[in-house]
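**Q** work30.cif is reproduced in full below (mmCIF, C-alpha atoms).
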```cif
data_protein
#
loop_
_atom_site.group_PDB
_atom_site.id
_atom_site.type_symbol
_atom_site.label_atom_id
_atom_site.label_comp_id
_atom_site.auth_asym_id
_atom_site.auth_seq_id
_atom_site.Cartn_x
_atom_site.Cartn_y
_atom_site.Cartn_z
ATOM 1 C CA MET A 1 -49.582 35.996 55.581
ATOM 2 C CA ARG A 2 -46.423 34.568 54.062
ATOM 3 C CA ALA A 3 -45.801 30.848 54.323
ATOM 4 C CA ASP A 4 -42.458 31.444 56.056
ATOM 5 C CA GLY A 5 -43.054 34.516 58.184
ATOM 6 C CA LEU A 6 -45.406 36.691 60.162
ATOM 7 C CA LYS A 7 -45.753 40.361 59.240
ATOM 8 C CA LEU A 8 -44.660 42.615 62.093
ATOM 9 C CA LYS A 9 -46.814 45.644 62.829
ATOM 10 C CA ASN A 10 -45.891 46.766 66.342
ATOM 11 C CA ILE A 11 -42.262 47.674 65.753
ATOM 12 C CA ASP A 12 -40.332 50.881 66.258
ATOM 13 C CA PRO A 13 -41.367 53.504 63.643
ATOM 14 C CA MET A 14 -37.735 53.996 62.610
ATOM 15 C CA ASP A 15 -37.430 50.264 61.921
ATOM 16 C CA LYS A 16 -40.628 50.325 59.891
ATOM 17 C CA ILE A 17 -39.657 53.333 57.781
ATOM 18 C CA ALA A 18 -36.269 51.763 57.007
ATOM 19 C CA GLY A 19 -37.987 49.448 54.530
ATOM 20 C CA TYR A 20 -39.208 52.453 52.539
ATOM 21 C CA ILE A 21 -35.897 54.307 52.621
ATOM 22 C CA MET A 22 -33.803 51.228 51.798
ATOM 23 C CA LYS A 23 -36.049 49.172 49.527
ATOM 24 C CA LYS A 24 -33.415 46.776 48.203
ATOM 25 C CA ARG A 25 -31.379 44.425 50.361
ATOM 26 C CA TYR A 26 -28.155 45.529 48.696
ATOM 27 C CA ASP A 27 -28.863 49.062 50.004
ATOM 28 C CA THR A 28 -28.826 47.821 53.587
ATOM 29 C CA LEU A 29 -25.594 45.848 53.886
ATOM 30 C CA ASN A 30 -23.341 46.349 56.874
ATOM 31 C CA SER A 31 -20.311 44.129 57.261
ATOM 32 C CA CYS A 32 -17.671 43.313 59.830
ATOM 33 C CA THR A 33 -15.219 40.604 60.787
ATOM 34 C CA ILE A 34 -15.447 38.781 64.102
ATOM 35 C CA ASP A 35 -12.420 36.838 65.305
ATOM 36 C CA ILE A 36 -13.291 33.731 67.314
ATOM 37 C CA PRO A 37 -10.450 32.363 69.513
ATOM 38 C CA LEU A 38 -9.525 28.960 68.096
ATOM 39 C CA ASP A 39 -7.746 27.336 71.045
ATOM 40 C CA PRO A 40 -10.925 26.727 73.109
ATOM 41 C CA MET A 41 -12.691 25.222 70.087
ATOM 42 C CA ASP A 42 -9.730 23.054 69.090
ATOM 43 C CA GLU A 43 -9.236 21.837 72.636
ATOM 44 C CA TYR A 44 -12.921 20.925 72.888
ATOM 45 C CA ILE A 45 -12.852 19.115 69.516
ATOM 46 C CA ARG A 46 -9.798 17.070 70.589
ATOM 47 C CA ARG A 47 -11.414 16.179 73.913
ATOM 48 C CA LYS A 48 -14.600 15.003 72.238
ATOM 49 C CA HIS A 49 -12.627 13.023 69.652
ATOM 50 C CA LYS A 50 -10.990 11.069 72.484
ATOM 51 C CA GLU A 51 -14.508 10.323 73.751
ATOM 52 C CA GLY A 52 -15.432 8.944 70.329
ATOM 53 C CA VAL A 53 -17.457 11.979 69.199
ATOM 54 C CA ASP A 54 -16.350 13.916 66.129
ATOM 55 C CA ILE A 55 -17.348 17.573 66.251
ATOM 56 C CA SER A 56 -16.540 20.036 63.470
ATOM 57 C CA HIS A 57 -15.817 23.741 63.639
ATOM 58 C CA MET A 58 -18.916 24.265 61.512
ATOM 59 C CA ALA A 59 -21.026 22.430 64.093
ATOM 60 C CA LEU A 60 -19.684 24.673 66.840
ATOM 61 C CA ILE A 61 -20.326 27.841 64.834
ATOM 62 C CA LEU A 62 -23.870 26.869 63.819
ATOM 63 C CA SER A 63 -24.757 25.534 67.259
ATOM 64 C CA ALA A 64 -23.660 28.820 68.808
ATOM 65 C CA TYR A 65 -25.648 30.749 66.197
ATOM 66 C CA VAL A 66 -28.819 28.722 66.785
ATOM 67 C CA ARG A 67 -28.430 29.354 70.514
ATOM 68 C CA VAL A 68 -27.982 33.063 69.852
ATOM 69 C CA LEU A 69 -31.165 33.069 67.748
ATOM 70 C CA SER A 70 -33.036 31.656 70.742
ATOM 71 C CA GLU A 71 -31.827 34.625 72.810
ATOM 72 C CA PHE A 72 -31.762 37.352 70.123
ATOM 73 C CA PRO A 73 -34.802 36.550 67.941
ATOM 74 C CA GLN A 74 -34.647 39.743 65.881
ATOM 75 C CA LEU A 75 -31.765 38.182 63.957
ATOM 76 C CA ASN A 76 -34.410 35.945 62.396
ATOM 77 C CA ARG A 77 -36.321 38.855 60.883
ATOM 78 C CA PHE A 78 -36.389 39.713 57.195
ATOM 79 C CA PHE A 79 -37.776 42.378 54.880
ATOM 80 C CA VAL A 80 -39.742 41.735 51.697
ATOM 81 C CA ASN A 81 -41.503 44.430 49.666
ATOM 82 C CA LYS A 82 -40.547 47.057 52.274
ATOM 83 C CA ARG A 83 -42.283 45.131 55.076
ATOM 84 C CA PRO A 84 -40.690 43.444 58.116
ATOM 85 C CA TYR A 85 -41.420 39.817 59.021
ATOM 86 C CA ALA A 86 -40.500 37.412 61.798
ATOM 87 C CA ARG A 87 -39.395 34.096 60.320
ATOM 88 C CA THR A 88 -41.384 31.161 61.677
ATOM 89 C CA GLU A 89 -38.535 28.631 61.334
ATOM 90 C CA ILE A 90 -34.777 28.399 61.678
ATOM 91 C CA CYS A 91 -33.184 27.309 58.421
ATOM 92 C CA VAL A 92 -29.589 27.625 57.269
ATOM 93 C CA ALA A 93 -28.343 27.460 53.686
ATOM 94 C CA MET A 94 -24.861 26.039 53.185
ATOM 95 C CA VAL A 95 -22.735 25.348 50.124
ATOM 96 C CA VAL A 96 -21.440 21.781 49.793
ATOM 97 C CA LEU A 97 -18.758 20.613 47.374
ATOM 98 C CA LYS A 98 -19.962 17.742 45.236
ATOM 99 C CA ALA A 99 -18.198 14.381 45.410
ATOM 100 C CA GLY A 100 -15.017 14.100 43.358
ATOM 101 C CA GLY A 101 -13.157 17.070 44.790
ATOM 102 C CA ASP A 102 -13.919 19.398 41.887
ATOM 103 C CA TYR A 103 -13.847 22.860 43.448
ATOM 104 C CA GLY A 104 -16.006 24.181 40.624
ATOM 105 C CA ALA A 105 -18.878 21.812 41.398
ATOM 106 C CA GLU A 106 -21.088 22.910 44.270
ATOM 107 C CA THR A 107 -24.628 22.524 45.471
ATOM 108 C CA MET A 108 -26.619 24.410 48.077
ATOM 109 C CA SER A 109 -29.716 23.485 50.006
ATOM 110 C CA LYS A 110 -30.992 24.076 53.557
ATOM 111 C CA MET A 111 -30.853 22.593 57.034
ATOM 112 C CA TYR A 112 -33.567 23.096 59.636
ATOM 113 C CA PHE A 113 -32.996 23.579 63.352
ATOM 114 C CA LYS A 114 -35.000 24.156 66.499
ATOM 115 C CA ARG A 115 -34.311 26.626 69.282
ATOM 116 C CA GLU A 116 -33.952 23.713 71.706
ATOM 117 C CA ASN A 117 -31.225 21.967 69.689
ATOM 118 C CA THR A 118 -28.000 20.984 71.428
ATOM 119 C CA LEU A 119 -24.553 20.924 69.852
ATOM 120 C CA PHE A 120 -24.954 17.205 69.192
ATOM 121 C CA ASP A 121 -28.295 17.771 67.431
ATOM 122 C CA VAL A 122 -26.721 20.410 65.203
ATOM 123 C CA ASN A 123 -23.669 18.234 64.520
ATOM 124 C CA ASN A 124 -25.866 15.306 63.418
ATOM 125 C CA THR A 125 -27.961 17.544 61.165
ATOM 126 C CA ILE A 126 -24.853 18.933 59.460
ATOM 127 C CA ASN A 127 -23.310 15.484 58.959
ATOM 128 C CA ASN A 128 -26.514 14.131 57.405
ATOM 129 C CA TYR A 129 -26.903 17.228 55.214
ATOM 130 C CA VAL A 130 -23.333 17.065 53.882
ATOM 131 C CA THR A 131 -23.545 13.315 53.201
ATOM 132 C CA GLU A 132 -26.857 13.584 51.367
ATOM 133 C CA ASN A 133 -25.874 16.588 49.261
ATOM 134 C CA ARG A 134 -22.314 15.514 48.475
ATOM 135 C CA ASN A 135 -23.193 12.001 47.399
ATOM 136 C CA ALA A 136 -26.526 12.685 45.701
ATOM 137 C CA PRO A 137 -26.636 16.442 45.019
ATOM 138 C CA ASP A 138 -28.974 16.135 42.032
ATOM 139 C CA ASN A 139 -31.669 14.706 44.290
ATOM 140 C CA ASN A 140 -32.052 17.666 46.632
ATOM 141 C CA SER A 141 -35.043 19.937 46.183
ATOM 142 C CA THR A 142 -32.954 22.871 44.961
ATOM 143 C CA GLU A 143 -31.324 20.893 42.155
ATOM 144 C CA LYS A 144 -34.672 19.397 41.110
ATOM 145 C CA LEU A 145 -36.245 22.862 40.870
ATOM 146 C CA ILE A 146 -33.319 24.133 38.772
ATOM 147 C CA LYS A 147 -33.613 21.145 36.419
ATOM 148 C CA VAL A 148 -37.297 21.880 35.863
ATOM 149 C CA LEU A 149 -36.591 25.543 35.098
ATOM 150 C CA LEU A 150 -33.843 24.575 32.630
ATOM 151 C CA SER A 151 -35.863 21.861 30.933
ATOM 152 C CA ILE A 152 -37.768 24.196 28.585
ATOM 153 C CA PRO A 153 -36.145 27.088 26.677
ATOM 154 C CA GLY A 154 -37.219 30.414 28.163
ATOM 155 C CA LEU A 155 -38.820 28.846 31.229
ATOM 156 C CA LEU A 156 -35.983 29.928 33.512
ATOM 157 C CA ASN A 157 -36.438 33.627 32.722
ATOM 158 C CA VAL A 158 -40.218 33.467 33.050
ATOM 159 C CA GLY A 159 -40.122 31.201 36.097
ATOM 160 C CA VAL A 160 -37.645 33.305 38.088
ATOM 161 C CA GLY A 161 -39.558 36.475 37.225
ATOM 162 C CA LEU A 162 -42.798 34.867 38.377
ATOM 163 C CA PHE A 163 -41.178 33.592 41.583
ATOM 164 C CA LYS A 164 -39.885 37.094 42.375
ATOM 165 C CA TRP A 165 -43.330 38.619 41.827
ATOM 166 C CA MET A 166 -45.041 35.974 43.945
ATOM 167 C CA ASP A 167 -42.431 36.328 46.685
ATOM 168 C CA LYS A 168 -42.865 40.096 46.725
ATOM 169 C CA HIS A 169 -46.601 39.701 47.287
ATOM 170 C CA GLY A 170 -46.410 36.785 49.734
ATOM 171 C CA LEU A 171 -47.856 34.284 47.268
ATOM 172 C CA LEU A 172 -44.880 31.948 46.896
ATOM 173 C CA PRO A 173 -45.923 28.391 47.896
ATOM 174 C CA LYS A 174 -44.195 26.770 50.858
ATOM 175 C CA SER A 175 -42.916 24.007 48.576
ATOM 176 C CA ILE A 176 -40.969 26.567 46.509
ATOM 177 C CA ILE A 177 -39.716 28.341 49.631
ATOM 178 C CA ASP A 178 -38.488 25.022 51.016
ATOM 179 C CA ALA A 179 -36.644 24.298 47.762
ATOM 180 C CA SER A 180 -35.112 27.775 47.548
ATOM 181 C CA PRO A 181 -31.696 28.264 49.193
ATOM 182 C CA PHE A 182 -32.353 32.023 49.116
ATOM 183 C CA HIS A 183 -35.101 31.868 51.750
ATOM 184 C CA ASN A 184 -33.320 31.289 55.025
ATOM 185 C CA SER A 185 -32.320 32.539 58.451
ATOM 186 C CA LEU A 186 -28.640 32.435 57.544
ATOM 187 C CA VAL A 187 -26.267 31.588 54.716
ATOM 188 C CA VAL A 188 -22.956 30.104 55.856
ATOM 189 C CA THR A 189 -19.863 28.960 54.013
ATOM 190 C CA ASN A 190 -16.614 27.485 55.286
ATOM 191 C CA LEU A 191 -13.862 28.899 53.086
ATOM 192 C CA ALA A 192 -11.262 27.391 55.412
ATOM 193 C CA SER A 193 -12.205 24.019 53.901
ATOM 194 C CA ILE A 194 -10.655 25.165 50.602
ATOM 195 C CA ARG A 195 -7.756 26.901 52.364
ATOM 196 C CA THR A 196 -8.731 30.475 51.650
ATOM 197 C CA THR A 197 -9.453 33.536 53.730
ATOM 198 C CA HIS A 198 -12.829 34.801 54.860
ATOM 199 C CA ILE A 199 -14.818 37.260 52.744
ATOM 200 C CA ASN A 200 -17.692 39.649 53.295
ATOM 201 C CA HIS A 201 -20.242 38.045 50.988
ATOM 202 C CA HIS A 202 -23.197 40.017 49.649
ATOM 203 C CA LEU A 203 -26.785 39.176 50.544
ATOM 204 C CA TYR A 204 -29.238 38.193 47.815
ATOM 205 C CA ASP A 205 -32.024 40.595 46.915
ATOM 206 C CA PHE A 206 -34.229 37.661 45.937
ATOM 207 C CA GLY A 207 -35.424 35.668 48.928
ATOM 208 C CA THR A 208 -35.200 36.488 52.606
ATOM 209 C CA SER A 209 -31.546 36.087 53.669
ATOM 210 C CA SER A 210 -30.653 38.714 56.259
ATOM 211 C CA ILE A 211 -27.243 37.460 57.439
ATOM 212 C CA PHE A 212 -24.279 35.777 55.741
ATOM 213 C CA LEU A 213 -21.345 34.212 57.616
ATOM 214 C CA ALA A 214 -18.139 33.255 55.787
ATOM 215 C CA MET A 215 -15.534 31.350 57.817
ATOM 216 C CA GLY A 216 -11.897 31.635 56.703
ATOM 217 C CA ILE A 217 -8.525 30.089 57.473
ATOM 218 C CA SER A 218 -7.085 30.878 60.896
ATOM 219 C CA HIS A 219 -4.869 33.869 61.512
ATOM 220 C CA TYR A 220 -3.291 35.619 64.471
ATOM 221 C CA ILE A 221 -4.433 38.927 65.895
ATOM 222 C CA PRO A 222 -2.652 41.065 68.518
ATOM 223 C CA LEU A 223 -4.444 41.349 71.854
ATOM 224 C CA ASN A 224 -3.514 43.749 74.641
ATOM 225 C CA LYS A 225 -2.978 42.015 77.980
ATOM 226 C CA GLY A 226 -1.892 44.616 80.472
ATOM 227 C CA LYS A 227 1.384 46.065 79.264
ATOM 228 C CA GLU A 228 2.051 43.174 76.916
ATOM 229 C CA ILE A 229 0.685 42.227 73.522
ATOM 230 C CA GLU A 230 -0.189 38.583 72.904
ATOM 231 C CA ASN A 231 -0.870 37.090 69.483
ATOM 232 C CA ILE A 232 -4.066 35.024 69.592
ATOM 233 C CA LYS A 233 -4.941 32.392 66.983
ATOM 234 C CA THR A 234 -8.464 33.023 65.743
ATOM 235 C CA MET A 235 -10.990 31.947 63.153
ATOM 236 C CA PRO A 236 -12.088 35.058 61.222
ATOM 237 C CA ILE A 237 -15.729 35.154 60.189
ATOM 238 C CA GLY A 238 -16.916 37.698 57.653
ATOM 239 C CA VAL A 239 -20.390 38.869 58.656
ATOM 240 C CA VAL A 240 -22.779 40.719 56.344
ATOM 241 C CA MET A 241 -26.077 41.946 57.796
ATOM 242 C CA ASP A 242 -29.286 43.573 56.629
ATOM 243 C CA GLU A 243 -29.244 46.578 58.944
ATOM 244 C CA ARG A 244 -33.038 46.927 58.847
ATOM 245 C CA ILE A 245 -33.672 43.880 61.069
ATOM 246 C CA ALA A 246 -31.940 45.247 64.191
ATOM 247 C CA ASN A 247 -29.853 48.154 65.424
ATOM 248 C CA GLY A 248 -26.082 48.098 65.863
ATOM 249 C CA SER A 249 -26.220 47.550 69.611
ATOM 250 C CA TYR A 250 -28.399 44.465 69.132
ATOM 251 C CA PHE A 251 -26.031 42.974 66.557
ATOM 252 C CA ALA A 252 -23.033 43.701 68.787
ATOM 253 C CA ARG A 253 -24.591 42.008 71.828
ATOM 254 C CA ALA A 254 -25.670 38.998 69.764
ATOM 255 C CA PHE A 255 -22.244 38.346 68.273
ATOM 256 C CA ARG A 256 -20.557 39.015 71.608
ATOM 257 C CA ARG A 257 -22.765 36.265 73.051
ATOM 258 C CA MET A 258 -21.820 33.967 70.163
ATOM 259 C CA THR A 259 -18.125 34.523 70.882
ATOM 260 C CA GLN A 260 -18.721 33.860 74.579
ATOM 261 C CA LEU A 261 -20.373 30.513 73.815
ATOM 262 C CA LEU A 262 -17.533 29.458 71.519
ATOM 263 C CA LYS A 263 -14.971 30.181 74.223
ATOM 264 C CA ASP A 264 -16.688 27.450 76.274
ATOM 265 C CA PRO A 265 -18.392 25.056 73.806
ATOM 266 C CA ALA A 266 -19.523 22.765 76.635
ATOM 267 C CA LEU A 267 -22.282 25.332 77.224
ATOM 268 C CA LEU A 268 -23.853 24.110 73.985
ATOM 269 C CA GLU A 269 -24.089 20.452 75.049
ATOM 270 C CA THR A 270 -27.400 20.951 76.833
ATOM 271 C CA ALA A 271 -30.608 22.506 75.556
ATOM 272 C CA PRO A 272 -31.385 26.059 76.686
ATOM 273 C CA ASN A 273 -33.761 26.479 79.605
ATOM 274 C CA PRO A 274 -37.293 27.108 78.291
ATOM 275 C CA GLU A 275 -37.458 30.377 80.234
ATOM 276 C CA ASP A 276 -34.298 31.588 78.459
ATOM 277 C CA ILE A 277 -35.791 31.132 74.973
ATOM 278 C CA LYS A 278 -37.042 34.463 73.664
ATOM 279 C CA TYR A 279 -39.407 35.280 70.820
ATOM 280 C CA ASP A 280 -39.601 38.438 68.770
ATOM 281 C CA PRO A 281 -41.189 41.098 71.022
ATOM 282 C CA ALA A 282 -43.267 42.372 68.107
ATOM 283 C CA ILE A 283 -45.123 39.057 67.776
ATOM 284 C CA PRO A 284 -48.618 39.158 69.354
ATOM 285 C CA GLU A 285 -48.951 36.543 72.082
ATOM 286 C CA LYS A 286 -51.830 34.848 70.261
ATOM 287 C CA LYS A 287 -49.512 34.254 67.286
ATOM 288 C CA LEU A 288 -46.644 32.676 69.226
ATOM 289 C CA TYR A 289 -47.929 29.173 68.513
ATOM 290 C CA LYS A 290 -46.619 29.576 64.950
ATOM 291 C CA PHE A 291 -43.059 29.744 66.317
ATOM 292 C CA LYS A 292 -43.112 26.794 68.699
#
```
For the file at hand, write its structure as structure tokens.
**A**
Amino acid sequence: MRADGLKLKNIDPMDKIAGYIMKKRYDTLNSCTIDIPLDPMDEYIRRKHKEGVDISHMALILSAYVRVLSEFPQLNRFFVNKRPYARTEICVAMVVLKAGGDYGAETMSKMYFKRENTLFDVNNTINNYVTENRNAPDNNSTEKLIKVLLSIPGLLNVGVGLFKWMDKHGLLPKSIIDASPFHNSLVVTNLASIRTTHINHHLYDFGTSSIFLAMGISHYIPLNKGKEIENIKTMPIGVVMDERIANGSYFARAFRRMTQLLKDPALLETAPNPEDIKYDPAIPEKKLYKFK
């Protein structure tokens, strides 16, 4: 068994064979753009600011995504070496600009969440993560691992090759997985923070990333309302997915639920009811303890 996932055996045959037909993650990429109405989010952020609580758009997006993962657990699947796995944790990789405002200097590590997290839990985790990585980026586990690999000529090439082989065969230690930003439930980036549009970012073949979200600067989209057309201000999010982890209907329902939550962010203030938290249906009941 992998240190970060449980191999799934009782899944639909078509889902299982997909790993043999599309062996590389770059063979499996589907992408789309979802437009999240901004007015409800902005109104909520202003209301909370008056109450003395600062909430970011990123916190709203990630809180909604964590809630969606608790209801649509297949989004937390991944494929390695043609085999499907259910990830045993919720971790999100996010790029952070280093202190000094140099747009060319970035670092990336991971945040960890629980299915029971509220919006305020997620907001606190993000704030702590950004502060730690922006002010002391060289001290995070990712940067330390990179420094070790660069310390000896030729070690980087050998080390990365060894890591890929070990990852393929489920032998990569948990310590390396924890330090790797490429092993995650989600990669997210906020391109609006540097005043640029959203993109559809590729997934990495190394690691276990199955979904990438890229937030961009707001724009207006036309929306039919009866016989009239209204321009709605939205936040565009470029979504790239590994199509092997779920079918199109599942993705559509999951992101429709995410949009619904962001239209009323107050829904994220309380933890989900335990009976509403779902686990991957392919996980044997005796193995569920690994996910709780």
**Q** Taking (-23.8, 20.9, 70.7) in the file's coordinates as the center, which residues reach within 12 Å of it, counting all atoms listed in the file, put as an MDAnalysis selection string?
**A** chainID A and resid 41 44:45 48 53:67 116:126 261:262 264:272
**Q** Go ahead and dump the residues you just picked, C-alpha atoms, as a tab-separated table (two decimals), in the frame of the given file.
**A**
```
chain	number	residue	atom	x	y	z
A	41	MET	CA	-12.69	25.22	70.09
A	44	TYR	CA	-12.92	20.92	72.89
A	45	ILE	CA	-12.85	19.11	69.52
A	48	LYS	CA	-14.60	15.00	72.24
A	53	VAL	CA	-17.46	11.98	69.20
A	54	ASP	CA	-16.35	13.92	66.13
A	55	ILE	CA	-17.35	17.57	66.25
A	56	SER	CA	-16.54	20.04	63.47
A	57	HIS	CA	-15.82	23.74	63.64
A	58	MET	CA	-18.92	24.26	61.51
A	59	ALA	CA	-21.03	22.43	64.09
A	60	LEU	CA	-19.68	24.67	66.84
A	61	ILE	CA	-20.33	27.84	64.83
A	62	LEU	CA	-23.87	26.87	63.82
A	63	SER	CA	-24.76	25.53	67.26
A	64	ALA	CA	-23.66	28.82	68.81
A	65	TYR	CA	-25.65	30.75	66.20
A	66	VAL	CA	-28.82	28.72	66.78
A	67	ARG	CA	-28.43	29.35	70.51
A	116	GLU	CA	-33.95	23.71	71.71
A	117	ASN	CA	-31.22	21.97	69.69
A	118	THR	CA	-28.00	20.98	71.43
A	119	LEU	CA	-24.55	20.92	69.85
A	120	PHE	CA	-24.95	17.20	69.19
A	121	ASP	CA	-28.30	17.77	67.43
A	122	VAL	CA	-26.72	20.41	65.20
A	123	ASN	CA	-23.67	18.23	64.52
A	124	ASN	CA	-25.87	15.31	63.42
A	125	THR	CA	-27.96	17.54	61.16
A	126	ILE	CA	-24.85	18.93	59.46
A	261	LEU	CA	-20.37	30.51	73.82
A	262	LEU	CA	-17.53	29.46	71.52
A	264	ASP	CA	-16.69	27.45	76.27
A	265	PRO	CA	-18.39	25.06	73.81
A	266	ALA	CA	-19.52	22.76	76.64
A	267	LEU	CA	-22.28	25.33	77.22
A	268	LEU	CA	-23.85	24.11	73.98
A	269	GLU	CA	-24.09	20.45	75.05
A	270	THR	CA	-27.40	20.95	76.83
A	271	ALA	CA	-30.61	22.51	75.56
A	272	PRO	CA	-31.38	26.06	76.69
```
**Q** Suppose a student applies the PyMOL selection byres ((chain A and resi 16-21) around 9) to this structure; what residues should they get, written as a list of chain:residue names?
**A**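 Applying the expression gives A:Leu8, A:Lys9, A:Ile11, A:Asp12, A:Pro13, A:Met14, A:Asp15, A:Met22, A:Lys23, A:Lys24, A:Phe79, A:Val80, A:Asn81, A:Lys82, A:Arg83, A:Pro84, A:Glu243, A:Arg244.
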**Q** Compute the distance from (-23.7, 36.0, 47.9) to each atom, counting all atoms listed in the file, keep the residues with any atom at most 10 Å away, and return them as a list in words; use the coordinates of the file.
**A** Phe182, Val187, Val188, Asn200, His201, His202, Leu203, Tyr204, Asp205, Ser209, Phe212 and Val240 of chain A
**Q** For a quick check of understanding, using all atoms listed in the file, which of A:Lys114, A:Glu228, A:Val96, A:Phe72 has the smallest distance to A:Asn128?
**A**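 Of A:Lys114, A:Glu228, A:Val96, A:Phe72, the one nearest A:Asn128 is A:Val96, counting all atoms listed in the file.
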**Q** Which distance in Å separates atom CA of A:Asn30 and atom CA of A:Leu162, to one decimal?
**A** 29.2 Å
**Q** Run the PyMOL selection byres ((chain A and resi 197) around 6) mentally over the shown coordinates, then write out the matched residues as JSON, numbers by chain, using the chain letters and numbers from the document.
**A** {"A": [196, 198, 216, 217]}
**Q** Just to confirm, what's the straight-line distance from atom CA of A:Asn231 to atom CA of A:Lys50 in Å (one decimal)?
**A** 28.1 Å
**Q** Compare A:Ile199, A:Leu97, A:Leu171, A:Ala246 by their minimum atom-to-atom distance to A:Gly5, counting only C-alpha atoms, and give me the closest one.
**A** A:Leu171
**Q** In Å, how far is it from atom CA of A:Glu51 to atom CA of A:Ser70?
**A**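 A separation of 28.4 Å between them.
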**Q** Name the residues that the PyMOL selection byres ((chain A and resi 1) around 10) pulls out of this structure, and write them as a list in words.
**A**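 Selected by the PyMOL selection byres ((chain A and resi 1) around 10) in this file: Arg2, Ala3, Asp4, Gly5, Leu6, Lys7, Tyr85, His169, Gly170 and Leu171 of chain A.
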**Q** Of the candidates A:Cys32, A:Leu156, A:Thr189, A:Leu75, which shows the shortest atom-to-atom distance to A:Met108, using only C-alpha atoms?
**A** A:Thr189
**Q** Smallest atom-to-atom distance to A:Ala252: which of A:Glu275, A:Lys174, A:Val239, A:Trp165, using all atoms listed in the file?
**A**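 Under the stated criterion, the closest residue is A:Val239.
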**Q** Pick from A:Val68, A:Ile194, A:Ala86, A:Ile34: nearest to A:Pro281, with only C-alpha atoms counted?
**A** A:Ala86
**Q** In terms of the shortest atom-to-atom distance over only C-alpha atoms, which of A:Glu285, A:Ser31, A:Leu38, A:Pro73 is closest to A:Tyr250?
**A**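 Among the listed residues, A:Pro73 lies closest to A:Tyr250.
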**Q** Could you list, as a list in words, every residue within 7 Å of A:Thr33, counting only C-alpha atoms and ignoring same-chain residues fewer than 6 positions away?
**A**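 In the requested format, the answer is Pro236, Ile237, Gly238 and Val239 of chain A.
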**Q** I'd like the box whose edges run along x, y and z of the file and which contains every listed atom of stretch 111-118 of chain A, padded by 4 Å per side; could you state its centre and edge lengths in Å, one decimal, as lines of an AutoDock Vina configuration file?
**A**
```
center_x = -31.5
center_y = 23.8
center_z = 64.4
size_x = 15.0
size_y = 13.6
size_z = 22.7
```
